[in-house]
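entry12.cif (mmCIF, C-alpha atoms)
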data_work
#
loop_
_atom_site.label_atom_id
_atom_site.label_comp_id
_atom_site.auth_asym_id
_atom_site.auth_seq_id
_atom_site.Cartn_x
_atom_site.Cartn_y
_atom_site.Cartn_z
CA ARG A 6 21.22 9.72 21.64
CA ILE A 7 19.58 8.57 18.42
CA ARG A 8 15.98 9.44 17.68
CA PRO A 9 13.69 8.97 14.69
CA ALA A 10 13.84 11.80 12.17
CA VAL A 11 10.69 13.89 11.80
CA GLN A 12 9.45 16.23 9.10
CA ALA A 13 10.91 19.24 10.91
CA ASP A 14 14.41 17.73 10.48
CA GLY A 15 14.41 18.49 6.75
CA GLY A 16 16.73 21.49 7.15
CA PHE A 17 19.23 19.48 9.19
CA LEU A 18 19.12 16.66 6.64
CA GLY A 19 20.07 19.29 4.07
CA ASP A 20 23.09 20.15 6.22
CA MET A 21 24.03 16.47 6.31
CA VAL A 22 23.78 16.15 2.51
CA VAL A 23 26.22 19.06 2.34
CA GLU A 24 28.55 17.29 4.82
CA ALA A 25 28.36 14.09 2.78
CA ALA A 26 29.06 15.94 -0.48
CA ASN A 27 31.95 17.88 1.08
CA TRP A 28 33.50 15.02 3.06
CA ARG A 29 37.00 15.97 1.90
CA GLY A 30 36.81 19.44 3.45
CA GLY A 31 39.03 22.08 1.91
CA GLY A 32 37.37 23.60 -1.18
CA ALA A 33 33.86 22.71 -0.07
CA ARG A 34 30.89 23.49 -2.31
CA PRO A 35 28.53 26.05 -0.73
CA ARG A 36 25.35 24.75 0.91
CA HIS A 37 22.97 26.39 -1.58
CA GLU A 38 24.89 24.90 -4.51
CA VAL A 39 24.79 21.37 -3.11
CA ILE A 40 21.15 21.23 -2.02
CA SER A 41 19.83 22.95 -5.14
CA SER A 42 21.62 20.57 -7.50
CA ALA A 43 19.42 17.85 -9.01
CA GLU A 44 21.90 15.17 -8.01
CA HIS A 45 21.53 16.03 -4.30
CA SER A 46 18.06 17.57 -4.01
CA ARG A 47 16.44 14.19 -4.75
CA TYR A 48 17.54 13.08 -1.28
CA LEU A 49 15.69 15.99 0.36
CA THR A 50 12.76 17.22 -1.71
CA GLY A 51 9.47 16.54 0.03
CA TRP A 52 11.21 15.03 3.06
CA MET A 53 9.06 12.70 5.06
CA ARG A 54 7.06 11.46 2.14
CA PRO A 55 5.67 7.93 2.44
CA GLY A 56 8.53 5.44 2.60
CA ASP A 57 11.10 7.89 4.00
CA THR A 58 12.77 6.69 7.18
CA GLY A 59 15.61 8.27 9.09
CA PHE A 60 17.37 8.84 12.38
CA VAL A 61 19.16 11.80 13.92
CA ALA A 62 22.05 11.58 16.39
CA GLU A 63 22.18 14.27 19.07
CA ASP A 64 24.86 15.31 21.52
CA LEU A 65 24.31 15.72 25.26
CA ARG A 66 22.77 19.17 24.69
CA ASP A 67 20.23 17.68 22.23
CA GLU A 68 21.98 19.36 19.30
CA PRO A 69 21.90 17.28 16.10
CA VAL A 70 25.33 15.99 15.04
CA GLY A 71 24.51 13.44 12.35
CA ALA A 72 21.72 11.81 10.40
CA ALA A 73 21.08 8.76 8.27
CA TRP A 74 17.97 8.15 6.21
CA TYR A 75 16.69 6.25 3.22
CA ARG A 76 14.23 6.86 0.48
CA MET A 77 12.82 5.01 -2.45
CA LEU A 78 13.92 6.69 -5.65
CA PRO A 79 12.27 5.96 -8.98
CA ARG A 80 14.05 4.46 -11.96
CA SER A 81 13.34 7.73 -13.79
CA GLU A 82 15.29 9.76 -11.18
CA PRO A 83 17.83 7.38 -9.69
CA GLY A 84 20.28 8.42 -6.99
CA PHE A 85 24.01 7.77 -7.01
CA GLY A 86 23.46 4.37 -5.37
CA TRP A 87 20.29 3.25 -7.13
CA VAL A 88 20.30 -0.50 -7.75
CA GLY A 89 16.66 -1.30 -8.44
CA THR A 90 13.02 -0.72 -7.72
CA GLY A 91 12.16 -1.64 -4.14
CA VAL A 92 15.68 -1.07 -2.78
CA PRO A 93 15.92 2.05 -0.62
CA GLU A 94 19.02 4.17 -0.96
CA LEU A 95 20.58 5.50 2.20
CA ILE A 96 22.25 8.82 2.83
CA ILE A 97 24.40 9.54 5.85
CA GLY A 98 26.16 12.64 7.10
CA VAL A 99 28.00 13.46 10.33
CA ARG A 100 29.43 16.79 11.41
CA PRO A 101 33.23 16.66 11.01
CA ILE A 102 33.98 17.06 14.72
CA TRP A 103 31.88 13.96 15.46
CA ARG A 104 33.40 11.69 12.82
CA ALA A 105 35.39 8.66 14.01
CA HIS A 106 33.47 8.64 17.34
CA GLY A 107 30.94 5.94 16.48
CA VAL A 108 28.12 8.28 15.47
CA GLY A 109 28.00 7.11 11.86
CA ARG A 110 28.14 3.44 12.87
CA ALA A 111 25.31 3.85 15.39
CA LEU A 112 23.16 5.65 12.82
CA LEU A 113 23.92 3.06 10.15
CA GLN A 114 23.06 0.16 12.44
CA ARG A 115 19.82 1.75 13.54
CA LEU A 116 18.82 2.47 9.94
CA CYS A 117 19.57 -1.12 8.86
CA GLU A 118 17.53 -2.49 11.79
CA SER A 119 14.62 -0.29 10.75
CA ALA A 120 14.83 -1.32 7.09
CA ARG A 121 14.91 -4.99 8.09
CA ALA A 122 11.89 -4.52 10.37
CA GLN A 123 10.04 -2.82 7.50
CA GLY A 124 10.65 -5.89 5.34
CA PHE A 125 13.32 -4.62 2.99
CA ALA A 126 15.75 -7.23 1.71
CA ARG A 127 18.56 -4.81 0.82
CA LEU A 128 19.82 -1.26 1.30
CA SER A 129 22.10 0.55 -1.12
CA LEU A 130 24.44 3.52 -0.95
CA SER A 131 27.04 5.26 -3.05
CA VAL A 132 30.44 6.35 -1.84
CA GLU A 133 33.51 7.84 -3.44
CA ARG A 134 36.18 5.16 -3.51
CA ASP A 135 38.72 7.16 -1.47
CA ASN A 136 36.23 8.16 1.25
CA PHE A 137 37.29 6.87 4.66
CA ALA A 138 33.66 5.78 5.29
CA VAL A 139 34.19 2.82 2.92
CA THR A 140 35.83 0.99 5.84
CA LEU A 141 32.74 1.57 7.99
CA TYR A 142 30.38 0.35 5.27
CA ARG A 143 32.42 -2.81 4.65
CA SER A 144 32.58 -3.57 8.38
CA GLU A 145 28.78 -3.26 8.55
CA GLY A 146 28.25 -5.79 5.75
CA PHE A 147 28.00 -3.60 2.65
CA ALA A 148 29.68 -4.95 -0.49
CA VAL A 149 30.56 -3.23 -3.76
CA THR A 150 28.16 -4.16 -6.56
CA GLN A 151 28.99 -1.49 -9.16
CA SER A 152 31.84 0.93 -9.82
CA SER A 153 32.20 3.91 -12.09
CA LEU A 154 34.14 7.16 -12.20
CA GLY A 155 35.69 6.80 -8.75
CA ARG A 156 32.39 5.91 -7.04
CA ASP A 157 31.24 2.57 -5.72
CA THR A 158 27.67 1.44 -5.24
CA MET A 159 27.45 -0.78 -2.18
CA VAL A 160 24.60 -3.03 -1.05
CA LYS A 161 23.84 -4.74 2.23
CA ARG A 162 21.60 -7.79 2.35
CA LEU A 163 19.26 -7.50 5.32
CA ARG A 164 17.77 -11.00 5.36
#
What is this file in structure tokens?
Amino acid sequence: RIRPAVQADGGFLGDMVVEAANWRGGGARPRHEVISSAEHSRYLTGWMRPGDTGFVAEDLRDEPVGAAWYRMLPRSEPGFGWVGTGVPELIIGVRPIWRAHGVGRALLQRLCESARAQGFARLSLSVERDNFAVTLYRSEGFAVTQSSLGRDTMVKRLR
């Protein structure tokens, strides 16, 4: 089940930022280190401010297993995938046990539908080049627009 994210989901979104940052597994960075870093906290601070939109995937017991959301980030504090003013940047995270089961795809599709309905022309994201999620993003219409230091910025045109 996928439902709209609410303000009370902020803690879970923090968990999903940690999952996204630690997608490789192994020597994972601790939660407090990830969410307190400036590079990641910008995706969480003040969650559910005007313009924030997101969705949470839940299992059959209504436990959250993944989330995808976007926010507008200013030029003065751009995210990894910032491409310009007026282009929301999306963040997605799925618990490892639920990866490769369609959860990420369903969240991504729902988020893109929402952005289109809100009148956005594009969505952006950033992904490490060797992340297996690149295949998902390409299959959903995202294309690489910038590359640097092993990361790609990808954009999807919504209209």
Within 9 Å of (13.3, 0.3, -7.2), only C-alpha atoms: residues as a count of residues only? 12
Pick the closest to Ala43 in chain A from A:Arg143, A:Met21, A:Arg66, A:Gly84: which is it, counting all atoms listed in the file? A:Gly84
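Considering all atoms listed in the file, the residue among A:Thr50, A:Asn27, A:Ser144, A:Ser129 positioned nearest to Tyr75 in chain A is A:Ser129.
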Got a sec to check which residues sit within 10 Å of (33.4, 16.0, 11.8), counting only C-alpha atoms, and write them as a tab-separated table (two decimals) with C-alpha atoms, keeping the file's coordinate frame?
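File part_34.tsv, as written:
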chain	number	residue	atom	x	y	z
A	24	GLU	CA	28.55	17.29	4.82
A	28	TRP	CA	33.50	15.02	3.06
A	30	GLY	CA	36.81	19.44	3.45
A	70	VAL	CA	25.33	15.99	15.04
A	71	GLY	CA	24.51	13.44	12.35
A	98	GLY	CA	26.16	12.64	7.10
A	99	VAL	CA	28.00	13.46	10.33
A	100	ARG	CA	29.43	16.79	11.41
A	101	PRO	CA	33.23	16.66	11.01
A	102	ILE	CA	33.98	17.06	14.72
A	103	TRP	CA	31.88	13.96	15.46
A	104	ARG	CA	33.40	11.69	12.82
A	105	ALA	CA	35.39	8.66	14.01
A	106	HIS	CA	33.47	8.64	17.34
List the neighbours of Arg115 in chain A out to 9 Å using only C-alpha atoms; skip same-chain residues closer than 5 positions along the sequence, and give me the result as a ChimeraX atom specification. /A:7,59-60,73,110,120
Out of A:Pro35, A:Gln12, A:Glu145, A:Phe85, which residue has the shortest atom-to-atom distance to Thr58 in chain A when counting all atoms listed in the file? A:Gln12
Selected by the PyMOL selection byres ((chain A and resi 23) around 12) in the shown coordinates: which residues, as a PyMOL selection string? chain A and resi 16-22+24-30+33-42+44-46+48-49+71-72+96-101
Could you check how far CA of Gly51 in chain A sits from CA of Leu95 in chain A, in Å to one decimal?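 Spanning CA of Gly51 in chain A to CA of Leu95 in chain A is a straight-line distance of 15.8 Å.
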The PyMOL selection byres ((chain A and resi 146) around 12) applied to the shown file, residues as a PyMOL selection string: chain A and resi 110+113-114+117+127-129+139-145+147-149+159-164
For the file shown, what are the residues hit by the PyMOL selection byres ((chain A and resi 132) around 6), laid out as a ChimeraX atom specification? /A:131,133,156-157
Point-to-point distance from CA of Leu154 in chain A to CA of Leu116 in chain A, Å rounded to tenths: 27.3 Å
